[in-house]
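Structure data (compact mmCIF, C-alpha atoms) from target17.txt:
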# COMPACT_ATOMS: atom_id res chain seq x y z
CA MET K 9 111.90 141.43 -78.05
CA PRO K 10 113.41 141.65 -74.53
CA LYS K 11 111.70 139.78 -71.68
CA TRP K 12 110.72 142.95 -69.83
CA LEU K 13 108.83 144.16 -72.90
CA LYS K 14 107.12 140.77 -73.28
CA LEU K 15 106.09 141.00 -69.61
CA LEU K 16 104.56 144.42 -70.27
CA VAL K 17 102.75 143.18 -73.36
CA GLY K 18 101.46 140.18 -71.41
CA LEU K 19 100.07 142.41 -68.67
CA LEU K 20 98.46 144.76 -71.20
CA LEU K 21 96.78 141.80 -72.89
CA LEU K 22 95.11 140.52 -69.71
CA PRO K 23 91.88 142.49 -70.43
CA VAL K 24 91.88 140.95 -73.92
CA CYS K 25 92.07 137.51 -72.27
CA LEU K 26 89.01 138.29 -70.14
CA ALA K 27 87.09 139.61 -73.14
CA THR K 28 88.06 136.56 -75.21
CA ALA K 29 86.88 134.23 -72.44
CA GLN K 30 83.54 136.06 -72.37
CA ALA K 31 83.19 135.83 -76.16
CA LEU K 32 84.03 132.11 -76.10
CA TRP K 33 81.36 131.53 -73.46
CA LEU K 34 78.76 133.30 -75.63
CA VAL K 35 79.74 131.26 -78.68
CA LEU K 36 79.64 127.98 -76.76
CA THR K 37 76.24 128.88 -75.30
CA ARG K 38 74.85 129.62 -78.76
CA ALA K 39 76.26 126.36 -80.14
CA SER K 40 75.06 124.20 -77.21
CA GLY K 41 72.04 122.96 -79.18
CA ALA K 42 74.08 121.29 -81.92
CA ASP K 43 72.87 117.77 -81.07
CA ARG K 44 74.65 116.08 -83.97
CA PHE K 45 78.03 117.43 -82.91
CA TRP K 46 78.27 117.51 -79.12
CA PRO K 47 77.28 113.92 -78.14
CA PRO K 48 79.94 112.16 -80.26
CA PHE K 49 82.49 114.91 -79.60
CA LEU K 50 82.04 114.67 -75.82
CA ALA K 51 82.06 110.87 -76.06
CA GLY K 52 85.46 111.14 -77.73
CA VAL K 53 86.64 113.45 -74.95
CA ALA K 54 85.42 110.97 -72.33
CA CYS K 55 87.10 108.02 -74.07
CA TRP K 56 90.44 109.79 -74.12
CA VAL K 57 90.15 110.95 -70.49
CA VAL K 58 89.58 107.33 -69.40
CA ILE K 59 92.64 106.23 -71.39
CA PHE K 60 94.67 109.13 -69.98
CA LEU K 61 93.77 108.24 -66.40
CA LEU K 62 94.09 104.45 -66.59
CA LEU K 63 96.86 103.70 -69.10
CA PRO K 64 100.48 104.83 -69.52
CA LYS K 65 100.69 108.21 -71.16
CA PRO K 66 101.81 108.02 -74.84
CA MET K 67 104.51 110.67 -74.47
CA TRP K 68 106.31 109.74 -77.69
CA ILE K 69 103.15 110.45 -79.70
CA TYR K 70 102.70 113.75 -77.87
CA VAL K 71 106.35 114.78 -78.35
CA LEU K 72 106.13 113.88 -82.05
CA GLY K 73 103.10 116.17 -82.42
CA HIS K 74 104.77 118.86 -80.30
CA GLU K 75 107.93 118.98 -82.40
CA SER K 76 105.95 118.64 -85.64
CA THR K 77 104.00 121.73 -84.64
CA HIS K 78 107.25 123.67 -84.24
CA ALA K 79 108.19 122.49 -87.74
CA VAL K 80 104.83 123.37 -89.32
CA TRP K 81 104.83 126.87 -87.87
CA THR K 82 108.44 127.35 -88.96
CA TRP K 83 107.38 126.52 -92.52
CA LEU K 84 104.40 128.88 -92.24
CA PHE K 85 106.81 131.71 -91.44
CA GLY K 86 109.10 130.81 -94.32
CA GLY K 87 111.79 129.05 -92.30
CA LYS K 88 113.43 125.66 -92.76
CA VAL K 89 113.83 122.69 -90.43
CA LYS K 90 117.46 121.57 -90.22
CA ARG K 91 117.16 118.90 -87.52
CA PHE K 92 114.23 117.02 -85.99
CA LYS K 93 114.16 114.66 -83.02
CA ALA K 94 111.22 113.20 -81.10
CA ALA K 95 111.39 110.60 -78.32
CA ALA K 96 109.38 109.75 -75.24
CA SER K 97 112.02 111.45 -73.10
CA GLY K 98 111.84 114.67 -75.12
CA GLY K 99 112.68 116.18 -78.46
CA HIS K 100 113.93 119.22 -80.27
CA VAL K 101 113.82 120.95 -83.63
CA VAL K 102 116.59 123.09 -85.09
CA THR K 103 115.18 125.71 -87.46
CA THR K 104 116.38 128.70 -89.45
CA LYS K 105 113.68 130.96 -88.04
CA SER K 106 112.19 131.52 -84.62
CA ASN K 107 109.63 133.80 -83.00
CA PHE K 108 107.22 133.58 -80.07
CA LEU K 109 104.49 131.96 -82.18
CA ILE K 110 106.80 129.22 -83.46
CA THR K 111 108.05 128.66 -79.91
CA LEU K 112 104.65 128.53 -78.22
CA ALA K 113 102.53 127.03 -81.03
CA PRO K 114 102.52 123.45 -79.62
CA TYR K 115 100.71 124.71 -76.52
CA PHE K 116 97.75 126.20 -78.41
CA PHE K 117 97.75 124.48 -81.82
CA PRO K 118 96.04 121.05 -81.50
CA PHE K 119 98.20 119.20 -84.02
CA TYR K 120 96.38 115.85 -84.02
CA ALA K 121 92.93 117.47 -84.00
CA VAL K 122 93.92 119.49 -87.08
CA LEU K 123 95.23 116.27 -88.63
CA VAL K 124 91.85 114.60 -88.03
CA VAL K 125 90.09 117.55 -89.70
CA LEU K 126 92.43 117.41 -92.71
CA ILE K 127 91.99 113.65 -93.17
CA PHE K 128 88.20 113.88 -92.92
CA SER K 129 88.10 116.86 -95.28
CA ILE K 130 90.13 114.97 -97.90
CA GLY K 131 88.00 111.85 -97.40
CA ASP K 132 84.81 113.88 -97.75
CA LEU K 133 86.13 115.60 -100.87
CA LEU K 134 87.20 112.36 -102.55
CA GLY K 135 84.82 109.80 -101.05
CA HIS K 136 81.83 111.83 -99.78
CA TRP K 137 82.31 110.58 -96.22
CA ARG K 138 79.70 112.97 -94.87
CA GLN K 139 77.04 111.49 -97.14
CA HIS K 140 78.02 107.98 -96.03
CA GLY K 141 77.31 108.85 -92.39
CA TYR K 142 80.88 109.13 -91.14
CA SER K 143 80.39 112.50 -89.45
CA PRO K 144 79.74 111.02 -85.96
CA TRP K 145 83.03 109.08 -86.18
CA PHE K 146 84.78 112.26 -87.25
CA HIS K 147 83.36 114.15 -84.27
CA LEU K 148 84.28 111.27 -81.93
CA LEU K 149 87.90 111.21 -83.11
CA LEU K 150 88.05 115.00 -83.06
CA GLY K 151 86.92 115.04 -79.43
CA ALA K 152 89.53 112.44 -78.48
CA ALA K 153 92.27 114.29 -80.38
CA TYR K 154 91.40 117.64 -78.81
CA ALA K 155 91.26 116.12 -75.33
CA PHE K 156 94.66 114.54 -76.06
CA HIS K 157 96.01 118.02 -76.80
CA VAL K 158 94.55 119.59 -73.65
CA THR K 159 95.44 116.85 -71.17
CA LEU K 160 98.99 116.22 -72.35
CA THR K 161 99.72 119.92 -72.74
CA CYS K 162 98.67 120.39 -69.11
CA GLU K 163 100.77 117.37 -68.16
CA ILE K 164 103.88 118.67 -69.91
CA LEU K 165 103.45 122.13 -68.38
CA LYS K 166 103.94 120.59 -64.93
CA THR K 167 107.64 120.38 -65.77
CA GLN K 168 109.90 123.25 -66.69
CA GLN K 169 109.77 123.92 -70.42
CA THR K 170 112.45 125.95 -72.18
CA ASP K 171 109.77 127.15 -74.62
CA ILE K 172 108.03 128.86 -71.71
CA THR K 173 111.06 130.14 -69.80
CA SER K 174 112.54 131.65 -72.96
CA GLN K 175 109.43 133.79 -73.47
CA GLY K 176 108.59 134.56 -69.83
CA TYR K 177 105.81 132.98 -67.80
CA ILE K 178 103.18 135.73 -67.99
CA PHE K 179 103.68 136.42 -71.69
CA SER K 180 103.62 132.67 -72.45
CA ALA K 181 100.46 132.15 -70.38
CA VAL K 182 98.68 134.98 -72.19
CA VAL K 183 99.70 133.75 -75.66
CA ILE K 184 98.78 130.15 -74.84
CA PHE K 185 95.39 131.13 -73.44
CA LEU K 186 94.57 133.46 -76.33
CA GLY K 187 95.78 130.90 -78.86
CA ASN K 188 93.60 128.12 -77.46
CA ALA K 189 90.59 130.41 -77.08
CA LEU K 190 90.87 131.81 -80.61
CA VAL K 191 91.17 128.28 -82.04
CA LEU K 192 87.91 127.38 -80.29
CA LEU K 193 86.25 130.64 -81.34
CA ALA K 194 86.93 129.73 -84.96
CA ALA K 195 86.35 125.98 -84.73
CA VAL K 196 83.11 125.79 -82.72
CA PRO K 197 80.94 127.78 -85.17
CA LEU K 198 82.37 125.89 -88.17
CA LEU K 199 81.79 122.50 -86.56
CA THR K 200 78.30 123.24 -85.20
CA GLY K 201 76.92 124.90 -88.32
CA HIS K 202 76.85 128.46 -87.00
CA GLU K 203 78.21 131.60 -88.59
CA LEU K 204 81.88 132.38 -88.07
CA TYR K 205 80.90 136.03 -88.37
CA TYR K 206 78.96 135.77 -85.09
CA ALA K 207 82.09 134.60 -83.24
CA LEU K 208 84.13 137.45 -84.70
CA ARG K 209 81.44 139.98 -83.78
CA CYS K 210 81.23 138.61 -80.23
CA TRP K 211 84.98 138.86 -79.84
CA LEU K 212 85.12 142.43 -81.12
CA ASP K 213 82.11 143.51 -79.03
CA CYS K 214 83.48 141.93 -75.85
CA ASN K 215 86.87 143.57 -76.37
CA HIS K 216 85.23 146.92 -77.06
CA GLN K 217 83.22 146.69 -73.82
CA MET K 218 86.29 145.57 -71.87
CA MET K 219 88.34 148.51 -73.15
CA HIS K 220 85.59 150.89 -72.01
CA ARG K 221 85.65 149.34 -68.53
CA VAL K 222 89.44 149.62 -68.33
CA VAL K 223 89.35 153.26 -69.44
CA ASN K 224 86.63 154.05 -66.89
CA LEU K 225 88.68 152.45 -64.14
CA LEU K 226 91.67 154.57 -65.06
Rewrite the coordinates I just gave you, this time as structure tokens.
Amino acid sequence: MPKWLKLLVGLLLLPVCLATAQALWLVLTRASGADRFWPPFLAGVACWVVIFLLLPKPMWIYVLGHESTHAVWTWLFGGKVKRFKAAASGGHVVTTKSNFLITLAPYFFPFYAVLVVLIFSIGDLLGHWRQHGYSPWFHLLLGAAYAFHVTLTCEILKTQQTDITSQGYIFSAVVIFLGNALVLLAAVPLLTGHELYYALRCWLDCNHQMMHRVVNLL
């Protein structure tokens, strides 16, 4: 897809971004009373923010997750990874397949947070971790891992990234925002014990209302 077309698509998706932000706000408001989830999750966020501000940034760990995300999304699309490199100074992955999702996935897919979820899910399946009272520790680590994703993604975006320039700034910004918002729209209801259907309905309703507003303006 040529860059001019991606720019057009990015501009056309701006109303969807606004509607998605509104839907996410509604979902977060509804889930705000989940007392068993938010305190340890926010404590994990706070712990990581303190580490981020006071200690050297673990760029090698971030780059490893960044390049691993490229690899995972390549596999999801049926491609193969031919070369993989991750170092504190940077990294790269050579694959047999590429598209805008594979390219931009590290900026919206929280690799280490997903890893925490997978480990806890396996532990709960095999060792009943939830019954043994490990859920608060899971939420704490999840908060730290998600904050790691957000803070270091923002940090890396301060420098010029070929992932972004190759796709165009506006198109990349729209995809990254929508990707992060949709991850939260799916994750928050599942983690706070609310219906995923409500999040989907909110998103569809908000987009429907936004389309009506755009049509009326035109």
Hey, what's within 9 Å of Ala31 in chain K if we count only C-alpha atoms and toss same-chain stuff fewer than 3 positions away? As a VMD selection string, please? chain K and resid 26 to 28 34 to 36 193 207 to 215
Generate a file of the selected residues that holds C-alpha atoms, formatted as a PDB file, in the frame of the given file.
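Below is the file selection.pdb, written as the result:
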ATOM      1  CA  LEU K  26      89.010 138.290 -70.140  1.00  0.00           C
ATOM      2  CA  ALA K  27      87.090 139.610 -73.140  1.00  0.00           C
ATOM      3  CA  THR K  28      88.060 136.560 -75.210  1.00  0.00           C
ATOM      4  CA  LEU K  34      78.760 133.300 -75.630  1.00  0.00           C
ATOM      5  CA  VAL K  35      79.740 131.260 -78.680  1.00  0.00           C
ATOM      6  CA  LEU K  36      79.640 127.980 -76.760  1.00  0.00           C
ATOM      7  CA  LEU K 193      86.250 130.640 -81.340  1.00  0.00           C
ATOM      8  CA  ALA K 207      82.090 134.600 -83.240  1.00  0.00           C
ATOM      9  CA  LEU K 208      84.130 137.450 -84.700  1.00  0.00           C
ATOM     10  CA  ARG K 209      81.440 139.980 -83.780  1.00  0.00           C
ATOM     11  CA  CYS K 210      81.230 138.610 -80.230  1.00  0.00           C
ATOM     12  CA  TRP K 211      84.980 138.860 -79.840  1.00  0.00           C
ATOM     13  CA  LEU K 212      85.120 142.430 -81.120  1.00  0.00           C
ATOM     14  CA  ASP K 213      82.110 143.510 -79.030  1.00  0.00           C
ATOM     15  CA  CYS K 214      83.480 141.930 -75.850  1.00  0.00           C
ATOM     16  CA  ASN K 215      86.870 143.570 -76.370  1.00  0.00           C
TER      17      ASN K 215
END
Using 3 Å of padding on each side, determine the axis-aligned box around all atoms of range 100-112 of chain K present in the file and give its centre and edge lengths in Å to one decimal, as AutoDock Vina command-line options.
--center_x 110.5 --center_y 126.5 --center_z -83.8 --size_x 18.1 --size_y 20.6 --size_z 17.2
Using all atoms listed in the file, which residue out of K:Phe117, K:Tyr142, K:Trp81, K:Tyr177 lies closest to Leu192 in chain K?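 The closest residue to Leu192 in chain K is K:Phe117.
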Here is a test: counting all atoms listed in the file, which residue of K:His202, K:His78, K:His220, K:His157 is nearest to Phe92 in chain K?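 Result for the nearest residue to Phe92 in chain K: K:His78.
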Which of these residues is nearest to Ala181 in chain K, using all atoms listed in the file: K:Thr103, K:Phe108, K:Phe60, K:Ala195? K:Phe108
At most 12 Å from (76.8, 125.8, -83.0), file frame, all atoms listed in the file: which residues, as a ChimeraX atom specification? /K:32,34-46,192-204,206-207
Just the number, please: distance in Å from CA of Leu109 in chain K to CA of Thr167 in chain K, one decimal.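 Rounded to one decimal, the two atoms are 20.3 Å apart.
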What is the CA of Thr104 in chain K to CA of Val89 in chain K distance in Å?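 It comes out at 6.6 Å.
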If we count only C-alpha atoms, what is near Leu160 in chain K at a cut-off of 10 Å, once residues fewer than 4 positions away on the same chain are taken out, given as a short mmCIF file (atom, residue, chain, number, x, y, z; two decimals) with C-alpha atoms, in the coordinates of the input?
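File written: result-v5.cif
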data_model
loop_
_atom_site.label_atom_id
_atom_site.label_comp_id
_atom_site.auth_asym_id
_atom_site.auth_seq_id
_atom_site.Cartn_x
_atom_site.Cartn_y
_atom_site.Cartn_z
CA PHE K 60 94.67 109.13 -69.98
CA LYS K 65 100.69 108.21 -71.16
CA PRO K 66 101.81 108.02 -74.84
CA MET K 67 104.51 110.67 -74.47
CA TYR K 70 102.70 113.75 -77.87
CA VAL K 71 106.35 114.78 -78.35
CA TYR K 115 100.71 124.71 -76.52
CA ALA K 155 91.26 116.12 -75.33
CA PHE K 156 94.66 114.54 -76.06
CA ILE K 164 103.88 118.67 -69.91
CA LEU K 165 103.45 122.13 -68.38
CA LYS K 166 103.94 120.59 -64.93
#
Rounded to one decimal place, report the CA of Thr170 in chain K-CA of Thr111 in chain K distance in Å.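 The value is 9.3 Å.
Between Val80 in chain K and the residues K:Ile127, K:Val101, K:Leu16, K:Cys162, the shortest atom-to-atom distance, using all atoms listed in the file, involves K:Val101.
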Counting all atoms listed in the file, figure out which residue out of K:Leu123, K:Lys88, K:Ser76, K:Pro47 gets nearest to His100 in chain K.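 Selected residue with least distance to His100 in chain K: K:Ser76.
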Using only C-alpha atoms, the best pick from K:Val102, K:Ala152, K:Pro114, K:Ala29 as closest to Ile184 in chain K would be K:Pro114
Could you give me, as a list in words, the residues within 9 Å of Gly73 in chain K, counting only C-alpha atoms and dropping anything in the same chain fewer than 6 positions from it?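 Selected residues are Ala94, Pro114, Pro118, Phe119 and Tyr120 of chain K.
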